[in-house]
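Below is one structure, written out as structure tokens, with a few remarks after it.
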Amino acid sequence: MITVVGIGADGWPSLGEEARAAVLAADLLVGGQRQLDLVPETASGERRPWPKQITTLVDELPALAGDGREVAVLASGDPLLHGVGATILRRLGGEGVRIIPAVSSFALACARLRWPADGVELVSATSRIPEVVVPALQPGRRLMVLGFGARTAAEVARVARERGFEASRLVVLEELGGAAERIVESTAGGWEDRDAAPLQLVALEVRGDGPLLGRSPGLPDDAYEHDGQITKRDVRAVTLAALVPVAGQLLWDIGAGSGSVAIEWLRAAPGARAVAIERDVARAQRIAANALALGVPSLEVVHGSAPEALDDLAGRPDAIFVGGGVSSYGLLMRCMGALAPGGRLVANVVTVEGETLLARAHEEHGGRLTRLAIAHAEPLGRFTGWRPAMPITQWELRVP
């Protein structure tokens, strides 16, 4: 049995009987040095701090728990709330793993600020990339940011300031539940570059005149850096609706241009995954910059040409978008063969040659063929007229 025990900053006194019994009975105690130091000497098991690469020791836990040895893993607060307990379950499964949670820092912070938890979004910045808060930067929104050390508050404040939300209320909650607990209130503009205690949670109540960028598809085109190679806003919204972003599912964005489709796939479904394939080096670099600026740094950017670049991609995608121009029928067939069961393939073209390929695919494999014709009102002398954009032909296919 591997028992994962959550422990708060107040240490041993906060543990219930079940948690104390598990720690005292353990032949091996694993945890961060801070958690191990909170356990009294009456717990006689061997103590092993996490190595730099935590997953290496996680993978050894089943062997360490062999021959009837009891292993207790100490975690901060609730082990399943962006904690090591979640890592253990993902890598080892639930068989033979017991979880005994403590009160999470998120719950403590909501209690201190008197914020109802169902109106607060929890964002994990433990990857040390504070831009992950960007999708939640909407006026009136309340966020709790799980940090990565003493620089968390300063980096979150920077991200908010850079996007026009310097007026946001910013509260830094240090050492919650412990003897050194401290709560400091400021604003994103007023915090500047100060450090705080390494064990901190950052609360943000968003205020200011920053751009209003929703999570639903169809961000303004000027939200992206691009050289004209971008799926335009109206077409992008229709395209994402056909792709159906789902948490945990994988998208391949082929001929990604500015990365707008992959980026909005990730923004629409937290926990989704995406790979953007682009053959132009400058555009590939621009995609990575756009992904960071819009709060989805997890986007994987692959420099290469399809279909060759697809051979080295891991996993079967749940959705594929071909937006860089369909140049061959073979590419469509390669994409169809790569899809996971229930997957979606969407291809957009503007040329007559591309439309011919989509018509053939529709005739042979079915699906849905759509013509998108969009016009925008623009000045015409002293009056206003409609200026049509190039029509888009879209083929959508769902595999059984």
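Each chain in the structure tokens gets a letter, A, B and so on, in the order shown; residues start at 1 in every chain, and ligands are counted from 1 in the order they appear.
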
Give me the residues within 7 Å of Gly6 in chain A as an MDAnalysis selection string, counting only C-alpha atoms and dropping any in the same chain fewer than 4 places off.
-> chainID A and resid 74:79 100:102

Would you save the residues of that selection, restricted to N, CA and C atoms, as a short mmCIF file (atom, residue, chain, number, x, y, z; two decimals), in the first residue's frame?
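See again36.cif below for the written result:
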data_model
loop_
_atom_site.label_atom_id
_atom_site.label_comp_id
_atom_site.auth_asym_id
_atom_site.auth_seq_id
_atom_site.Cartn_x
_atom_site.Cartn_y
_atom_site.Cartn_z
N LEU A 74 4.24 12.21 1.75
CA LEU A 74 3.73 13.44 2.34
C LEU A 74 3.55 14.49 1.24
N ALA A 75 2.38 15.12 1.25
CA ALA A 75 2.07 16.13 0.25
C ALA A 75 1.53 17.37 0.96
N SER A 76 1.59 18.49 0.28
CA SER A 76 1.11 19.74 0.85
C SER A 76 -0.40 19.85 0.66
N GLY A 77 -1.14 19.99 1.77
CA GLY A 77 -2.58 20.22 1.69
C GLY A 77 -3.32 19.06 1.06
N ASP A 78 -4.12 19.35 0.05
CA ASP A 78 -4.87 18.32 -0.66
C ASP A 78 -4.00 17.74 -1.76
N PRO A 79 -3.56 16.48 -1.66
CA PRO A 79 -2.62 15.92 -2.64
C PRO A 79 -3.16 15.84 -4.05
N ILE A 100 -5.21 10.47 1.77
CA ILE A 100 -5.77 11.07 2.97
C ILE A 100 -5.51 12.58 2.87
N PRO A 101 -6.49 13.37 2.43
CA PRO A 101 -6.23 14.79 2.20
C PRO A 101 -6.31 15.63 3.47
N ALA A 102 -5.62 16.76 3.43
CA ALA A 102 -5.77 17.80 4.44
C ALA A 102 -6.53 18.96 3.78
#

Contact check, range 262-364 of chain A to range 226-229 of chain A, at most 12 Å, counting only C-alpha atoms, closest pairs as a tab-separated table:
residue	atom	partner	partner_atom	distance
A:Glu278	CA	A:Gln229	CA	11.1
A:Asp280	CA	A:Gln229	CA	11.0
A:Ala282	CA	A:Asp227	CA	9.8
A:Arg283	CA	A:His226	CA	7.8
A:Ala284	CA	A:His226	CA	10.7
A:Gln285	CA	A:His226	CA	10.8
A:Arg286	CA	A:His226	CA	7.3
A:Ile287	CA	A:His226	CA	8.6
A:Ala288	CA	A:His226	CA	11.8
A:Ala289	CA	A:His226	CA	10.6
A:Asn290	CA	A:His226	CA	9.0
A:Gly323	CA	A:Gln229	CA	9.6
A:Gly324	CA	A:Gln229	CA	8.3
A:Gly325	CA	A:Gln229	CA	10.7

From a DSSP calculation on the backbone, collect every residue of range 122-299 of chain A in strand (DSSP E) and output the set as number ranges by chain.
-> A: 122-124, 142-146, 169-174, 182-187, 200-205, 250-254, 273-278

Preceding selection exported with C-alpha atoms as an mmCIF file, in the first residue's frame:
data_model
loop_
_atom_site.group_PDB
_atom_site.id
_atom_site.type_symbol
_atom_site.label_atom_id
_atom_site.label_comp_id
_atom_site.auth_asym_id
_atom_site.auth_seq_id
_atom_site.Cartn_x
_atom_site.Cartn_y
_atom_site.Cartn_z
ATOM 1 C CA LEU A 122 -7.982 28.054 -9.517
ATOM 2 C CA VAL A 123 -5.007 28.420 -11.852
ATOM 3 C CA SER A 124 -1.833 26.403 -11.425
ATOM 4 C CA ARG A 142 -11.663 36.125 -9.137
ATOM 5 C CA LEU A 143 -8.567 33.921 -9.453
ATOM 6 C CA MET A 144 -6.374 31.937 -7.098
ATOM 7 C CA VAL A 145 -2.921 31.229 -8.499
ATOM 8 C CA LEU A 146 -0.892 28.303 -7.177
ATOM 9 C CA ARG A 169 -6.771 43.745 -6.480
ATOM 10 C CA LEU A 170 -3.847 41.454 -5.631
ATOM 11 C CA VAL A 171 -3.618 39.603 -2.320
ATOM 12 C CA VAL A 172 -0.605 37.478 -1.403
ATOM 13 C CA LEU A 173 -1.331 34.769 1.186
ATOM 14 C CA GLU A 174 1.850 33.365 2.707
ATOM 15 C CA ARG A 182 0.764 36.535 6.571
ATOM 16 C CA ILE A 183 -1.680 38.229 4.191
ATOM 17 C CA VAL A 184 -0.538 41.257 2.185
ATOM 18 C CA GLU A 185 -2.932 43.252 0.011
ATOM 19 C CA SER A 186 -1.947 45.430 -2.935
ATOM 20 C CA THR A 187 -2.774 45.877 -6.610
ATOM 21 C CA GLN A 200 2.367 31.493 -1.211
ATOM 22 C CA LEU A 201 -0.961 31.694 -2.976
ATOM 23 C CA VAL A 202 -1.877 34.743 -5.057
ATOM 24 C CA ALA A 203 -5.469 35.974 -5.188
ATOM 25 C CA LEU A 204 -6.437 38.293 -8.029
ATOM 26 C CA GLU A 205 -9.688 40.181 -8.446
ATOM 27 C CA LEU A 250 -5.568 16.272 -28.904
ATOM 28 C CA LEU A 251 -5.647 18.536 -31.977
ATOM 29 C CA TRP A 252 -3.244 18.626 -34.887
ATOM 30 C CA ASP A 253 -3.265 22.050 -36.578
ATOM 31 C CA ILE A 254 -1.575 21.497 -39.956
ATOM 32 C CA ARG A 273 -3.694 19.368 -25.983
ATOM 33 C CA ALA A 274 -2.579 20.677 -29.357
ATOM 34 C CA VAL A 275 0.273 20.440 -31.837
ATOM 35 C CA ALA A 276 0.805 23.170 -34.436
ATOM 36 C CA ILE A 277 2.709 22.068 -37.547
ATOM 37 C CA GLU A 278 4.244 24.889 -39.627
#

Assign secondary structure with DSSP using the backbone only, and return the residues of range 137-280 of chain A in alpha helix (DSSP H) as an MDAnalysis selection string.
-> chainID A and resid 152:162 188:191 233:243 260:268

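Contact shell of Thr126 in chain A at 10 Å (only C-alpha atoms; same-chain neighbours under 6 positions omitted): His82, Gly83, Val132, Val145, Leu146, Gly147, Phe148, Gly149 and Thr152 of chain A.
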
Write out as a ChimeraX atom specification the residues lying within 12 Å of Ile263 in chain A, counting only C-alpha atoms and excluding same-chain residues fewer than 6 positions away.
-> /A:135,215-219,223-224,230-231,236,240,245,251-253,256-257,269-270,272-276,287-301

With a cut-off of 9 Å, could you pull out the residues of range 285-340 of chain A touching range 348-357 of chain A and give me the nearest pair of atoms for each, distance in Å to one decimal, using only C-alpha atoms, ordered by chain and ascending number, as a Markdown table?
| residue | atom | partner | partner_atom | distance |
| --- | --- | --- | --- | --- |
| A:Phe321 | CA | A:Asn348 | CA | 8.1 |
| A:Val322 | CA | A:Asn348 | CA | 6.5 |
| A:Gly323 | CA | A:Asn348 | CA | 5.4 |
| A:Gly324 | CA | A:Asn348 | CA | 8.0 |
| A:Gly325 | CA | A:Val349 | CA | 5.6 |
| A:Val326 | CA | A:Gly354 | CA | 5.6 |
| A:Ser327 | CA | A:Gly354 | CA | 6.6 |
| A:Ser328 | CA | A:Leu357 | CA | 7.3 |
| A:Tyr329 | CA | A:Leu357 | CA | 6.0 |
| A:Leu332 | CA | A:Leu357 | CA | 8.8 |

Using only C-alpha atoms, which residues sit within 7 Å of Arg398 in chain A once same-chain residues fewer than 2 positions away are excluded, as a list of chain:residue names?
->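 Listing them by chain and then by number gives A:Gly342, A:Gly343, A:Arg344, A:Leu345, A:Gly367, A:Glu396, A:Pro400.
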
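Here the question is which of A:Trp395, A:Arg382, A:His376, A:Ala63 gets nearest to His362 in chain A using only C-alpha atoms, and that residue is A:Trp395.
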
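Candidate residues A:Val235, A:Arg141, A:Gly208, A:Val281 were compared for distance to Gly119 in chain A, and the nearest is A:Arg141, using only C-alpha atoms.
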
Of the residues A:Ser14, A:Thr55, A:Ser104, A:Gln249, which is the one nearest to Val84 in chain A, using only C-alpha atoms?
->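 With only C-alpha atoms as the atom set, the closest residue is A:Thr55.
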
What is the CA of Glu363 in chain A to CA of Ala237 in chain A distance in Å?
->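 A separation of 25.6 Å between them.
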
Excluding Val103 in chain A and its own-chain neighbours fewer than 4 positions away, which residues fall within 12 Å of it when counting only C-alpha atoms? Please give them as an mmCIF file with all heavy atoms, in the first residue's frame.
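Contents of result.cif, as written:
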data_model
loop_
_atom_site.group_PDB
_atom_site.id
_atom_site.type_symbol
_atom_site.label_atom_id
_atom_site.label_comp_id
_atom_site.auth_asym_id
_atom_site.auth_seq_id
_atom_site.Cartn_x
_atom_site.Cartn_y
_atom_site.Cartn_z
ATOM 1 N N VAL A 5 -0.440 11.262 2.147
ATOM 2 C CA VAL A 5 -0.990 12.003 3.275
ATOM 3 C C VAL A 5 -0.795 13.497 3.048
ATOM 4 O O VAL A 5 0.340 13.964 2.878
ATOM 5 C CB VAL A 5 -0.299 11.587 4.597
ATOM 6 C CG1 VAL A 5 -0.849 12.411 5.769
ATOM 7 C CG2 VAL A 5 -0.499 10.099 4.847
ATOM 8 N N GLY A 6 -1.883 14.230 3.053
ATOM 9 C CA GLY A 6 -1.795 15.680 2.959
ATOM 10 C C GLY A 6 -1.496 16.271 4.328
ATOM 11 O O GLY A 6 -2.064 15.842 5.337
ATOM 12 N N ILE A 7 -0.597 17.258 4.353
ATOM 13 C CA ILE A 7 -0.226 17.889 5.616
ATOM 14 C C ILE A 7 -0.148 19.393 5.395
ATOM 15 O O ILE A 7 0.404 19.861 4.398
ATOM 16 C CB ILE A 7 1.116 17.321 6.144
ATOM 17 C CG1 ILE A 7 1.436 17.867 7.532
ATOM 18 C CG2 ILE A 7 2.261 17.555 5.177
ATOM 19 C CD1 ILE A 7 2.580 17.129 8.220
ATOM 20 N N GLY A 8 -0.745 20.148 6.309
ATOM 21 C CA GLY A 8 -0.763 21.591 6.185
ATOM 22 C C GLY A 8 0.490 22.231 6.742
ATOM 23 O O GLY A 8 1.362 21.568 7.317
ATOM 24 N N ALA A 9 0.569 23.571 6.628
ATOM 25 C CA ALA A 9 1.737 24.293 7.121
ATOM 26 C C ALA A 9 1.841 24.231 8.637
ATOM 27 O O ALA A 9 2.922 24.440 9.197
ATOM 28 C CB ALA A 9 1.674 25.751 6.663
ATOM 29 N N ASP A 10 0.715 23.930 9.315
ATOM 30 C CA ASP A 10 0.751 23.809 10.780
ATOM 31 C C ASP A 10 1.268 22.455 11.232
ATOM 32 O O ASP A 10 1.422 22.215 12.438
ATOM 33 C CB ASP A 10 -0.617 24.094 11.391
ATOM 34 C CG ASP A 10 -1.744 23.367 10.679
ATOM 35 O OD1 ASP A 10 -1.493 22.796 9.608
ATOM 36 O OD2 ASP A 10 -2.878 23.381 11.178
ATOM 37 N N GLY A 11 1.512 21.539 10.293
ATOM 38 C CA GLY A 11 2.202 20.306 10.606
ATOM 39 C C GLY A 11 1.400 19.250 11.337
ATOM 40 O O GLY A 11 0.189 19.090 11.128
ATOM 41 N N SER A 14 -2.319 19.220 12.856
ATOM 42 C CA SER A 14 -3.479 19.301 11.971
ATOM 43 C C SER A 14 -3.920 17.936 11.451
ATOM 44 O O SER A 14 -5.004 17.819 10.866
ATOM 45 C CB SER A 14 -3.154 20.194 10.770
ATOM 46 O OG SER A 14 -2.172 19.584 9.942
ATOM 47 N N LEU A 15 -3.100 16.889 11.620
ATOM 48 C CA LEU A 15 -3.426 15.577 11.066
ATOM 49 C C LEU A 15 -4.440 14.848 11.943
ATOM 50 O O LEU A 15 -4.355 14.871 13.172
ATOM 51 C CB LEU A 15 -2.165 14.723 10.933
ATOM 52 C CG LEU A 15 -1.076 15.221 9.974
ATOM 53 C CD1 LEU A 15 0.030 14.193 9.867
ATOM 54 C CD2 LEU A 15 -1.656 15.528 8.610
ATOM 55 N N GLY A 16 -5.370 14.176 11.281
ATOM 56 C CA GLY A 16 -6.325 13.339 11.992
ATOM 57 C C GLY A 16 -5.716 11.998 12.363
ATOM 58 O O GLY A 16 -4.560 11.689 12.023
ATOM 59 N N ALA A 75 2.380 15.116 1.254
ATOM 60 C CA ALA A 75 2.072 16.135 0.255
ATOM 61 C C ALA A 75 1.535 17.372 0.959
ATOM 62 O O ALA A 75 1.058 17.306 2.091
ATOM 63 C CB ALA A 75 1.045 15.610 -0.755
ATOM 64 N N SER A 76 1.595 18.492 0.284
ATOM 65 C CA SER A 76 1.108 19.743 0.853
ATOM 66 C C SER A 76 -0.398 19.853 0.662
ATOM 67 O O SER A 76 -0.898 19.799 -0.465
ATOM 68 C CB SER A 76 1.811 20.925 0.181
ATOM 69 O OG SER A 76 1.345 22.143 0.699
ATOM 70 N N GLY A 77 -1.137 19.994 1.769
ATOM 71 C CA GLY A 77 -2.581 20.221 1.687
ATOM 72 C C GLY A 77 -3.325 19.065 1.061
ATOM 73 O O GLY A 77 -3.187 17.906 1.469
ATOM 74 N N ASP A 78 -4.117 19.347 0.047
ATOM 75 C CA ASP A 78 -4.875 18.320 -0.661
ATOM 76 C C ASP A 78 -3.996 17.742 -1.764
ATOM 77 O O ASP A 78 -3.690 18.424 -2.746
ATOM 78 C CB ASP A 78 -6.147 18.927 -1.253
ATOM 79 C CG ASP A 78 -7.009 17.898 -1.969
ATOM 80 O OD1 ASP A 78 -6.556 16.748 -2.145
ATOM 81 O OD2 ASP A 78 -8.135 18.238 -2.352
ATOM 82 N N PRO A 79 -3.562 16.480 -1.656
ATOM 83 C CA PRO A 79 -2.619 15.917 -2.636
ATOM 84 C C PRO A 79 -3.161 15.838 -4.052
ATOM 85 O O PRO A 79 -2.383 15.699 -5.009
ATOM 86 C CB PRO A 79 -2.347 14.507 -2.085
ATOM 87 C CG PRO A 79 -2.751 14.553 -0.656
ATOM 88 C CD PRO A 79 -3.886 15.528 -0.579
ATOM 89 N N LEU A 80 -4.495 15.892 -4.209
ATOM 90 C CA LEU A 80 -5.079 15.756 -5.542
ATOM 91 C C LEU A 80 -5.381 17.100 -6.194
ATOM 92 O O LEU A 80 -5.898 17.145 -7.310
ATOM 93 C CB LEU A 80 -6.363 14.915 -5.475
ATOM 94 C CG LEU A 80 -6.179 13.477 -5.012
ATOM 95 C CD1 LEU A 80 -7.503 12.729 -5.028
ATOM 96 C CD2 LEU A 80 -5.149 12.746 -5.875
ATOM 97 N N LEU A 81 -5.087 18.202 -5.502
ATOM 98 C CA LEU A 81 -5.333 19.525 -6.057
ATOM 99 C C LEU A 81 -4.012 20.065 -6.603
ATOM 100 O O LEU A 81 -3.282 20.777 -5.927
ATOM 101 C CB LEU A 81 -5.903 20.463 -4.986
ATOM 102 C CG LEU A 81 -6.494 21.776 -5.498
ATOM 103 C CD1 LEU A 81 -7.740 21.518 -6.326
ATOM 104 C CD2 LEU A 81 -6.809 22.721 -4.348
ATOM 105 N N ALA A 107 -8.788 26.207 -0.251
ATOM 106 C CA ALA A 107 -9.910 26.349 0.684
ATOM 107 C C ALA A 107 -9.576 27.354 1.779
ATOM 108 O O ALA A 107 -10.421 28.177 2.169
ATOM 109 C CB ALA A 107 -10.255 24.992 1.284
ATOM 110 N N LEU A 108 -8.346 27.308 2.291
ATOM 111 C CA LEU A 108 -7.943 28.257 3.329
ATOM 112 C C LEU A 108 -7.970 29.691 2.807
ATOM 113 O O LEU A 108 -8.426 30.614 3.491
ATOM 114 C CB LEU A 108 -6.544 27.914 3.835
ATOM 115 C CG LEU A 108 -6.413 26.671 4.720
ATOM 116 C CD1 LEU A 108 -4.948 26.374 4.982
ATOM 117 C CD2 LEU A 108 -7.154 26.857 6.037
ATOM 118 N N ALA A 109 -7.471 29.883 1.582
ATOM 119 C CA ALA A 109 -7.443 31.229 1.016
ATOM 120 C C ALA A 109 -8.855 31.770 0.799
ATOM 121 O O ALA A 109 -9.131 32.944 1.095
ATOM 122 C CB ALA A 109 -6.668 31.219 -0.299
ATOM 123 N N CYS A 110 -9.748 30.943 0.264
ATOM 124 C CA CYS A 110 -11.134 31.388 0.078
ATOM 125 C C CYS A 110 -11.758 31.767 1.418
ATOM 126 O O CYS A 110 -12.506 32.748 1.519
ATOM 127 C CB CYS A 110 -11.946 30.286 -0.603
ATOM 128 S SG CYS A 110 -11.569 30.057 -2.356
ATOM 129 N N ALA A 111 -11.452 30.992 2.464
ATOM 130 C CA ALA A 111 -11.992 31.287 3.792
ATOM 131 C C ALA A 111 -11.446 32.612 4.330
ATOM 132 O O ALA A 111 -12.191 33.419 4.908
ATOM 133 C CB ALA A 111 -11.658 30.148 4.747
ATOM 134 N N LEU A 176 -0.053 29.783 4.616
ATOM 135 C CA LEU A 176 -1.426 29.638 5.110
ATOM 136 C C LEU A 176 -1.548 28.472 6.089
ATOM 137 O O LEU A 176 -1.116 27.356 5.802
ATOM 138 C CB LEU A 176 -2.398 29.432 3.947
ATOM 139 C CG LEU A 176 -2.834 30.700 3.213
ATOM 140 C CD1 LEU A 176 -3.629 30.343 1.970
ATOM 141 C CD2 LEU A 176 -3.655 31.600 4.124
ATOM 142 N N GLY A 177 -2.157 28.740 7.240
ATOM 143 C CA GLY A 177 -2.369 27.708 8.247
ATOM 144 C C GLY A 177 -1.211 27.514 9.193
ATOM 145 O O GLY A 177 -1.325 26.784 10.180
#
